[in-house]
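Structure file model_37.txt with compact mmCIF, C-alpha atoms:
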```txt
# COMPACT_ATOMS: atom_id res chain seq x y z
CA MET A 1 0.00 0.00 0.00
CA LYS A 2 1.34 3.43 -1.00
CA ALA A 3 0.31 6.63 0.80
CA LYS A 4 1.79 9.43 2.84
CA ILE A 5 2.65 7.68 6.07
CA THR A 6 1.12 9.27 9.16
CA LYS A 7 0.58 8.13 12.72
CA ARG A 8 -3.14 7.89 12.07
CA LEU A 9 -2.55 5.63 9.06
CA ILE A 10 -0.24 3.35 11.01
CA ASP A 11 -2.62 3.20 14.00
CA SER A 12 -5.57 2.34 11.78
CA THR A 13 -3.75 -0.41 9.86
CA HIS A 14 -3.98 -3.78 11.58
CA CYS A 15 -1.07 -6.19 11.67
CA PRO A 16 -1.58 -9.44 9.73
CA GLU A 17 -1.89 -12.67 11.70
CA GLU A 18 0.83 -14.20 9.54
CA GLY A 19 3.21 -12.95 6.88
CA GLN A 20 3.95 -9.25 6.49
CA LEU A 21 2.30 -6.12 5.13
CA PHE A 22 4.06 -2.97 3.89
CA LEU A 23 3.04 0.68 3.95
CA ARG A 24 5.26 2.67 1.55
CA ASP A 25 5.60 6.43 1.80
CA THR A 26 4.77 8.69 -1.15
CA GLU A 27 6.71 11.62 0.33
CA VAL A 28 10.13 9.94 0.71
CA LYS A 29 10.63 7.10 -1.73
CA GLY A 30 12.13 4.15 0.12
CA PHE A 31 10.62 4.98 3.50
CA GLY A 32 8.02 2.58 4.83
CA VAL A 33 6.47 0.56 7.63
CA ARG A 34 6.56 -3.23 7.89
CA LEU A 35 3.66 -4.81 9.75
CA THR A 36 3.89 -8.35 11.10
CA ALA A 37 2.19 -10.32 13.83
CA GLY A 38 4.99 -9.11 16.10
CA GLY A 39 4.41 -5.40 15.58
CA LYS A 40 5.04 -2.35 13.37
CA THR A 41 8.55 -1.32 12.33
CA PHE A 42 9.92 1.62 10.33
CA ILE A 43 12.15 0.63 7.42
CA ALA A 44 14.18 2.12 4.59
CA GLU A 45 14.53 0.38 1.21
CA LYS A 46 16.94 1.06 -1.62
CA ARG A 47 18.52 -0.86 -4.44
CA ILE A 48 22.25 -1.51 -3.89
CA THR A 49 24.23 -2.98 -6.81
CA GLY A 50 21.07 -4.28 -8.39
CA GLN A 51 19.67 -5.79 -5.21
CA VAL A 52 17.00 -4.30 -2.98
CA LYS A 53 18.26 -3.91 0.59
CA ARG A 54 15.89 -3.37 3.47
CA ILE A 55 17.20 -1.59 6.55
CA THR A 56 15.35 -1.67 9.85
CA ILE A 57 15.12 1.77 11.46
CA GLY A 58 13.25 0.88 14.61
CA SER A 59 9.91 0.15 16.23
CA PHE A 60 6.86 2.37 15.72
CA ASN A 61 6.75 2.70 19.51
CA LEU A 62 10.24 4.21 19.67
CA PHE A 63 10.16 6.91 16.99
CA THR A 64 7.73 9.46 15.66
CA VAL A 65 6.89 9.28 11.96
CA GLU A 66 8.96 12.40 11.23
CA GLN A 67 11.96 11.09 13.11
CA ALA A 68 11.82 7.81 11.20
CA ARG A 69 11.26 9.61 7.86
CA ASN A 70 14.34 11.80 8.45
CA MET A 71 16.43 8.76 9.40
CA ALA A 72 15.26 6.98 6.25
CA ARG A 73 16.17 10.02 4.17
CA ASP A 74 19.70 10.03 5.64
CA LEU A 75 20.13 6.32 4.97
CA ILE A 76 18.99 6.67 1.36
CA VAL A 77 21.40 9.58 0.80
CA LYS A 78 24.25 7.42 2.11
CA ILE A 79 23.30 4.66 -0.31
CA ILE A 80 23.18 7.08 -3.23
CA LYS A 81 26.72 8.18 -2.30
CA GLY A 82 27.88 4.57 -2.58
CA ASP A 83 27.74 3.45 1.04
CA ASP A 84 26.11 0.21 2.15
CA PRO A 85 24.41 0.69 5.55
CA VAL A 86 23.36 -2.97 5.60
CA GLN A 87 26.95 -4.13 5.28
CA GLU A 88 28.03 -1.52 7.82
CA LYS A 89 25.63 -3.02 10.35
CA VAL A 90 26.99 -6.51 9.63
CA ASP A 91 30.57 -5.26 9.95
CA LYS A 92 29.72 -3.50 13.19
CA ARG A 93 28.15 -6.66 14.58
CA ASN A 94 31.20 -8.73 13.54
CA GLU A 95 33.79 -6.14 14.60
CA ALA A 96 36.74 -7.42 16.60
CA THR A 97 36.72 -6.99 20.35
CA PHE A 98 39.67 -5.99 22.51
CA LYS A 99 39.90 -9.66 23.57
CA ASP A 100 40.23 -10.68 19.90
CA LEU A 101 43.09 -8.20 19.52
CA GLU A 102 44.72 -9.30 22.77
CA ASP A 103 44.61 -12.96 21.72
CA LEU A 104 46.25 -12.16 18.38
CA TYR A 105 48.82 -9.94 20.10
CA ARG A 106 49.71 -12.78 22.47
CA GLU A 107 50.01 -15.19 19.56
CA ARG A 108 51.91 -13.04 17.05
CA HIS A 109 53.76 -10.33 18.95
CA ILE A 110 54.60 -11.43 22.49
CA PRO A 111 56.81 -14.37 21.37
CA ARG A 112 59.03 -11.80 19.63
CA LYS A 113 59.46 -9.67 22.78
CA ARG A 114 61.77 -10.12 25.74
CA SER A 115 59.36 -8.12 27.91
CA GLY A 116 56.31 -10.20 27.04
CA SER A 117 55.68 -11.14 30.67
CA SER A 118 55.13 -7.45 31.49
CA ASP A 119 52.47 -7.24 28.78
CA ILE A 120 50.71 -10.34 30.12
CA MET A 121 50.71 -8.83 33.62
CA ALA A 122 49.19 -5.63 32.21
CA PHE A 123 46.44 -7.59 30.43
CA ASN A 124 45.54 -9.55 33.55
CA LYS A 125 45.69 -6.66 36.00
CA TYR A 126 44.53 -3.59 34.08
CA LEU A 127 42.90 -4.44 30.75
CA ASN A 128 40.65 -7.48 31.28
CA GLU A 129 37.61 -5.22 31.79
CA TRP A 130 37.91 -4.21 28.12
CA HIS A 131 37.64 -7.77 26.80
CA SER A 132 34.07 -7.58 25.54
CA ARG A 133 34.36 -4.08 24.06
CA LYS A 134 34.46 -3.48 20.32
CA LEU A 135 37.68 -1.81 19.24
CA SER A 136 35.82 1.20 17.84
CA SER A 137 34.15 1.77 21.23
CA ILE A 138 37.49 2.40 22.96
CA LYS A 139 38.02 6.16 22.86
CA ARG A 140 40.80 8.50 23.88
CA SER A 141 38.79 9.39 26.99
CA ASP A 142 38.84 5.71 28.07
CA VAL A 143 42.61 5.53 27.73
CA ALA A 144 43.07 8.87 29.51
CA ARG A 145 40.84 7.71 32.37
CA LEU A 146 42.80 4.44 32.77
CA HIS A 147 46.12 6.31 32.56
CA ALA A 148 45.06 8.69 35.33
CA GLN A 149 43.69 5.89 37.48
CA ILE A 150 46.92 3.86 37.36
CA GLY A 151 49.04 7.01 37.59
CA LYS A 152 47.72 7.83 41.07
CA LYS A 153 50.11 5.18 42.41
CA HIS A 154 52.36 4.14 39.54
CA GLN A 155 53.13 6.83 36.97
CA TYR A 156 55.83 4.84 35.17
CA ARG A 157 53.49 1.85 34.84
CA ALA A 158 50.65 4.09 33.65
CA ASN A 159 52.87 5.34 30.82
CA ARG A 160 53.82 1.76 29.88
CA ILE A 161 50.13 0.77 29.69
CA VAL A 162 49.42 3.62 27.27
CA ALA A 163 52.42 2.54 25.17
CA LEU A 164 51.11 -1.04 25.13
CA ILE A 165 47.62 0.02 24.04
CA GLY A 166 49.09 2.26 21.35
CA LYS A 167 51.22 -0.58 19.98
CA MET A 168 48.22 -2.92 19.96
CA PHE A 169 46.06 -0.51 17.96
CA ASN A 170 48.89 0.11 15.49
CA LEU A 171 49.16 -3.64 14.95
CA ALA A 172 45.37 -3.94 14.71
CA LYS A 173 45.52 -1.65 11.66
CA ILE A 174 48.30 -3.70 10.10
CA TRP A 175 46.38 -6.91 10.76
CA GLY A 176 43.19 -5.49 9.22
CA MET A 177 41.19 -5.54 12.45
CA TYR A 178 40.70 -1.79 12.89
CA GLU A 179 40.57 1.30 10.70
CA GLY A 180 39.94 4.14 13.14
CA GLU A 181 42.30 6.54 14.93
CA ASN A 182 44.64 5.20 17.56
CA PRO A 183 42.96 6.15 20.89
CA THR A 184 46.31 6.82 22.57
CA ILE A 185 47.13 9.76 20.28
CA GLY A 186 47.19 12.98 22.29
CA ILE A 187 47.45 11.33 25.73
CA GLU A 188 49.85 13.40 27.84
CA LEU A 189 52.24 11.05 29.60
CA TYR A 190 53.68 11.58 33.04
CA ARG A 191 57.15 13.05 33.16
CA GLU A 192 59.68 10.34 33.96
CA GLU A 193 62.82 11.38 35.78
CA GLN A 194 65.98 9.37 35.19
CA ARG A 195 66.89 7.42 38.33
CA ASP A 196 70.40 7.73 39.71
CA ARG A 197 69.84 5.48 42.73
CA PHE A 198 72.39 2.77 43.51
CA LEU A 199 73.72 0.97 46.57
CA HIS A 200 76.19 3.22 48.38
CA GLN A 201 79.29 1.93 50.07
CA ASP A 202 77.82 2.22 53.57
CA GLU A 203 74.70 0.32 52.45
CA MET A 204 76.60 -2.67 51.09
CA PRO A 205 77.21 -4.47 54.44
CA VAL A 206 73.57 -4.31 55.56
CA PHE A 207 72.41 -5.34 52.07
CA PHE A 208 74.68 -8.42 52.04
CA THR A 209 73.59 -9.32 55.57
CA ALA A 210 69.91 -9.07 54.59
CA LEU A 211 70.55 -11.12 51.46
CA SER A 212 72.40 -13.84 53.39
CA GLU A 213 69.30 -14.46 55.51
CA GLU A 214 67.32 -15.67 52.49
CA LYS A 215 66.93 -19.46 52.60
CA ASP A 216 66.74 -20.12 48.84
CA ILE A 217 70.33 -20.59 47.66
CA TYR A 218 69.36 -20.14 44.01
CA LEU A 219 67.60 -16.86 44.71
CA LYS A 220 70.57 -15.49 46.67
CA ALA A 221 72.94 -16.53 43.90
CA ALA A 222 70.76 -14.91 41.24
CA ILE A 223 70.69 -11.55 43.03
CA LEU A 224 74.47 -11.61 43.56
CA THR A 225 74.92 -12.41 39.87
CA MET A 226 72.79 -9.39 38.94
CA LEU A 227 74.90 -7.19 41.19
CA LEU A 228 78.34 -8.43 40.06
CA THR A 229 77.66 -8.80 36.33
CA GLY A 230 75.29 -5.88 35.74
CA ALA A 231 73.05 -8.11 33.63
CA ARG A 232 69.31 -7.61 33.48
CA LYS A 233 67.03 -9.54 35.80
CA SER A 234 65.36 -11.51 32.99
CA GLU A 235 68.78 -12.44 31.56
CA VAL A 236 70.12 -13.67 34.90
CA LEU A 237 67.03 -15.63 35.93
CA SER A 238 66.98 -17.50 32.61
CA MET A 239 70.74 -18.28 32.66
CA ARG A 240 71.50 -21.80 31.32
CA TRP A 241 74.42 -24.04 32.18
CA GLU A 242 75.15 -24.60 28.49
CA ASP A 243 75.92 -20.87 28.10
CA ILE A 244 78.60 -20.83 30.81
CA ASP A 245 82.23 -21.54 30.01
CA MET A 246 84.07 -21.97 33.30
CA ALA A 247 87.41 -22.47 31.57
CA LEU A 248 87.22 -19.13 29.80
CA GLY A 249 85.22 -17.51 32.60
CA THR A 250 82.48 -16.24 30.27
CA TRP A 251 78.72 -16.27 30.12
CA ARG A 252 76.99 -16.11 26.74
CA ILE A 253 73.61 -14.35 26.79
CA PRO A 254 71.92 -15.79 23.66
CA LYS A 255 69.63 -12.84 23.07
CA THR A 256 69.89 -9.43 24.70
CA LYS A 257 67.44 -6.54 24.59
CA ALA A 258 69.29 -5.41 21.45
CA ASP A 259 68.27 -8.76 19.88
CA ARG A 260 71.79 -10.15 19.57
CA PRO A 261 74.04 -12.48 21.63
CA HIS A 262 76.43 -10.97 24.16
CA TYR A 263 79.38 -12.33 26.15
CA ILE A 264 79.99 -11.25 29.75
CA PRO A 265 83.17 -12.03 31.71
CA LEU A 266 82.36 -13.75 35.00
CA PRO A 267 84.03 -12.31 38.12
CA ARG A 268 85.89 -14.93 40.17
CA GLN A 269 83.28 -14.58 42.95
CA ILE A 270 80.51 -15.56 40.52
CA LYS A 271 82.57 -18.46 39.11
CA ALA A 272 83.04 -19.79 42.64
CA LEU A 273 79.36 -19.23 43.43
CA LEU A 274 78.15 -21.07 40.31
CA THR A 275 80.56 -23.93 40.95
CA SER A 276 79.03 -24.42 44.39
CA LEU A 277 75.43 -24.50 43.15
CA PRO A 278 73.79 -27.94 42.84
CA ARG A 279 72.69 -28.84 39.31
CA MET A 280 69.19 -30.22 39.05
CA LYS A 281 68.71 -33.22 36.80
CA ASP A 282 66.68 -32.50 33.64
CA ASN A 283 66.75 -28.78 34.36
CA PRO A 284 68.90 -26.66 32.01
CA TYR A 285 68.66 -23.53 34.17
CA VAL A 286 71.21 -22.35 36.72
CA PHE A 287 68.76 -20.67 39.09
CA VAL A 288 66.20 -23.38 39.66
CA GLY A 289 62.60 -22.36 40.25
CA ALA A 290 59.64 -24.00 41.96
CA LYS A 291 58.29 -25.40 38.71
CA SER A 292 59.89 -28.63 37.55
CA GLY A 293 62.39 -27.98 34.77
CA GLY A 294 61.98 -24.19 35.09
CA HIS A 295 63.86 -21.22 36.49
CA ILE A 296 63.04 -18.58 39.09
CA VAL A 297 60.39 -16.28 37.61
CA ASP A 298 59.40 -13.77 40.28
CA ILE A 299 61.63 -12.35 43.02
CA LYS A 300 59.26 -9.57 44.08
CA LYS A 301 58.39 -11.01 47.51
CA ALA A 302 61.97 -11.96 48.29
CA TRP A 303 63.24 -8.56 47.19
CA GLY A 304 60.68 -6.94 49.50
CA ARG A 305 61.96 -8.99 52.43
CA ILE A 306 65.58 -8.09 51.69
CA ARG A 307 64.80 -4.37 51.47
CA GLU A 308 62.83 -4.51 54.72
CA ARG A 309 65.61 -6.27 56.62
CA ALA A 310 68.23 -3.90 55.22
CA LYS A 311 65.97 -0.90 55.86
CA ILE A 312 66.62 0.34 52.31
CA SER A 313 63.08 0.90 51.07
CA ASP A 314 63.78 2.82 47.87
CA ILE A 315 66.20 0.45 46.11
CA ARG A 316 64.94 -1.48 43.08
CA VAL A 317 66.25 -4.62 41.44
CA HIS A 318 67.27 -2.66 38.35
CA ASP A 319 69.38 -0.38 40.57
CA LEU A 320 71.83 -3.28 40.96
CA ARG A 321 72.94 -2.64 37.35
CA ARG A 322 73.51 1.00 38.21
CA THR A 323 75.43 -0.01 41.33
CA LEU A 324 77.95 -2.00 39.29
CA GLY A 325 78.34 0.96 36.93
```
What would you get if you wrote out this structure as structure tokens?
Amino acid sequence: MKAKITKRLIDSTHCPEEGQLFLRDTEVKGFGVRLTAGGKTFIAEKRITGQVKRITIGSFNLFTVEQARNMARDLIVKIIKGDDPVQEKVDKRNEATFKDLEDLYRERHIPRKRSGSSDIMAFNKYLNEWHSRKLSSIKRSDVARLHAQIGKKHQYRANRIVALIGKMFNLAKIWGMYEGENPTIGIELYREEQRDRFLHQDEMPVFFTALSEEKDIYLKAAILTMLLTGARKSEVLSMRWEDIDMALGTWRIPKTKADRPHYIPLPRQIKALLTSLPRMKDNPYVFVGAKSGGHIVDIKKAWGRIRERAKISDIRVHDLRRTLG
């Protein structure tokens, strides 16, 4: 049925008990109402590449006739310009979520990083609430809010989270998952001051005393190795026996942060320390962890105990590298 669609016309037209009935507007070609046993719905119709596409605008109970007519007019103009609102709705419905991006990031990118464990921690602690969100729904204001929230206690970590999100959205574009603007653009990061903290000469005795009270011989040896070699924590904890040459007194780090192997001379104290450590059968690592066949992964709790006993609250593990320097 064709006529100028009005509220009175829609009210006076009864829904069929089965099938569907259409009222088509004479004022805006393509605007109409579909009547079924389930109710009355505003629609827009237009031919796209030779095929008639029908787009649902919304229920008669939600919009006035003029609101629906204007929405239909806008949709039809978009189609004339070459857009496909039907496909846009399908794409929107099938759009990747943040969890989809995170899964792909874990699969493709983290194995190529030495700091992948930090990213996994960030996902688990700060970003799991975004899992169900579509990528296009994550705005700059969301990132800014999260940055400020984390920054109340940990400004350095807040900056790293923004960097992680930015990298993920850049990769999402490369992987064809996202076409919008990176939501981290324009976020003002916290100013990071370069640390110059290290263990001073008068702090050394109390530090060594506090360290000696730790019961885990592997953990104590790992921390001493960090201090006397200046190597990074991740490099020391994953040290393998096969990379140590006692005869030459060298340790080969297979892959450094610069993505290349590096040889470090072992001080005689470390050579003696490593010689005294028991080797665990079927475990290639020097500093044996709790997991069978693995190495020490986390020293956070132990480091906290050492600092507390030594009464040196502001020293960090990374400061051991600076101490050697």
Inset, instruction - Please identify all polymer residues within 9 Å of range 183-190 of chain A, counting only C-alpha atoms, omitting same-chain residues fewer than 2 positions from it, and present them as JSON, numbers by chain. - result: {"A": [138, 139, 140, 141, 142, 143, 144, 147, 151, 155, 156, 158, 159, 162, 163, 165, 166, 169, 180, 181, 192]}
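For the choices A:Glu95, A:Ser132, A:Thr209, A:Arg108, the atom-to-atom distance to Gly176 in chain A is smallest for A:Glu95 when using only C-alpha atoms.
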Legend entry - Non-local contacts of range 273-283 of chain A (8 Å; only C-alpha atoms; under 2 positions in same chain excluded) as a ChimeraX atom specification: /A:217-218,221,269-271,285-286,288,292-294
Inset, instruction - Could you jot down the CA of Glu66 in chain A to CA of Ala44 in chain A separation for me, Å, one decimal place? - result: 13.3 Å
Inset, instruction - Kindly indicate which residue among A:Pro205, A:Gly230, A:Gly58, A:Gly50 lies nearest to Arg321 in chain A, using all atoms listed in the file for the distances. - result: A:Gly230
List the neighbours of range 308-313 of chain A out to 9 Å using only C-alpha atoms; skip same-chain residues closer than 2 positions along the sequence, and give me the result as a PDB file with C-alpha atoms, keeping the file's coordinate frame.
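Final file, out.pdb:
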```
ATOM      1  CA  GLU A 203      74.700   0.320  52.450  1.00  0.00           C
ATOM      2  CA  VAL A 206      73.570  -4.310  55.560  1.00  0.00           C
ATOM      3  CA  PHE A 207      72.410  -5.340  52.070  1.00  0.00           C
ATOM      4  CA  PHE A 208      74.680  -8.420  52.040  1.00  0.00           C
ATOM      5  CA  THR A 209      73.590  -9.320  55.570  1.00  0.00           C
ATOM      6  CA  ALA A 210      69.910  -9.070  54.590  1.00  0.00           C
ATOM      7  CA  LEU A 211      70.550 -11.120  51.460  1.00  0.00           C
ATOM      8  CA  TRP A 303      63.240  -8.560  47.190  1.00  0.00           C
ATOM      9  CA  GLY A 304      60.680  -6.940  49.500  1.00  0.00           C
ATOM     10  CA  ARG A 305      61.960  -8.990  52.430  1.00  0.00           C
ATOM     11  CA  ILE A 306      65.580  -8.090  51.690  1.00  0.00           C
ATOM     12  CA  ILE A 315      66.200   0.450  46.110  1.00  0.00           C
ATOM     13  CA  ARG A 316      64.940  -1.480  43.080  1.00  0.00           C
TER      14      ARG A 316
END
```
Inset, instruction - Using only C-alpha atoms, give me every residue within 10 Å of (-0.2, -16.6, 14.0) in file coordinates, as a list in words. - result: Pro16, Glu17, Glu18, Gly19, Thr36, Ala37 and Gly38 of chain A
Inset, instruction - Compute the distance from (17.9, 1.4, 5.8) to each atom, counting all atoms listed in the file, keep the residues with any atom at most 9 Å away, and return them as a ChimeraX atom specification; use the coordinates of the file. - result: /A:30-31,43-46,53-57,71-76,79,85-86
Inset, instruction - Go ahead and compute the interatomic distance for CA of Gln67 in chain A and CA of Thr6 in chain A, in Å to one decimal. - result: 11.7 Å
Legend entry - Selection near range 100-107 of chain A, 10 Å with all atoms listed in the file, sequence-local residues under 5 positions removed, as number ranges by chain: A: 95, 112, 116, 119-120, 123, 127-128, 131-135, 165, 167-169, 171-172, 175, 177-178
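The interatomic distance for the pair CA of Leu199 in chain A and CA of Asp319 in chain A works out to 7.5 Å.
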Legend entry - Selected residue, from A:Lys4, A:Arg47, A:Arg24, A:His318, that lies nearest to Ser234 in chain A when counting all atoms listed in the file: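 Selected residue with least distance to Ser234 in chain A: A:His318.
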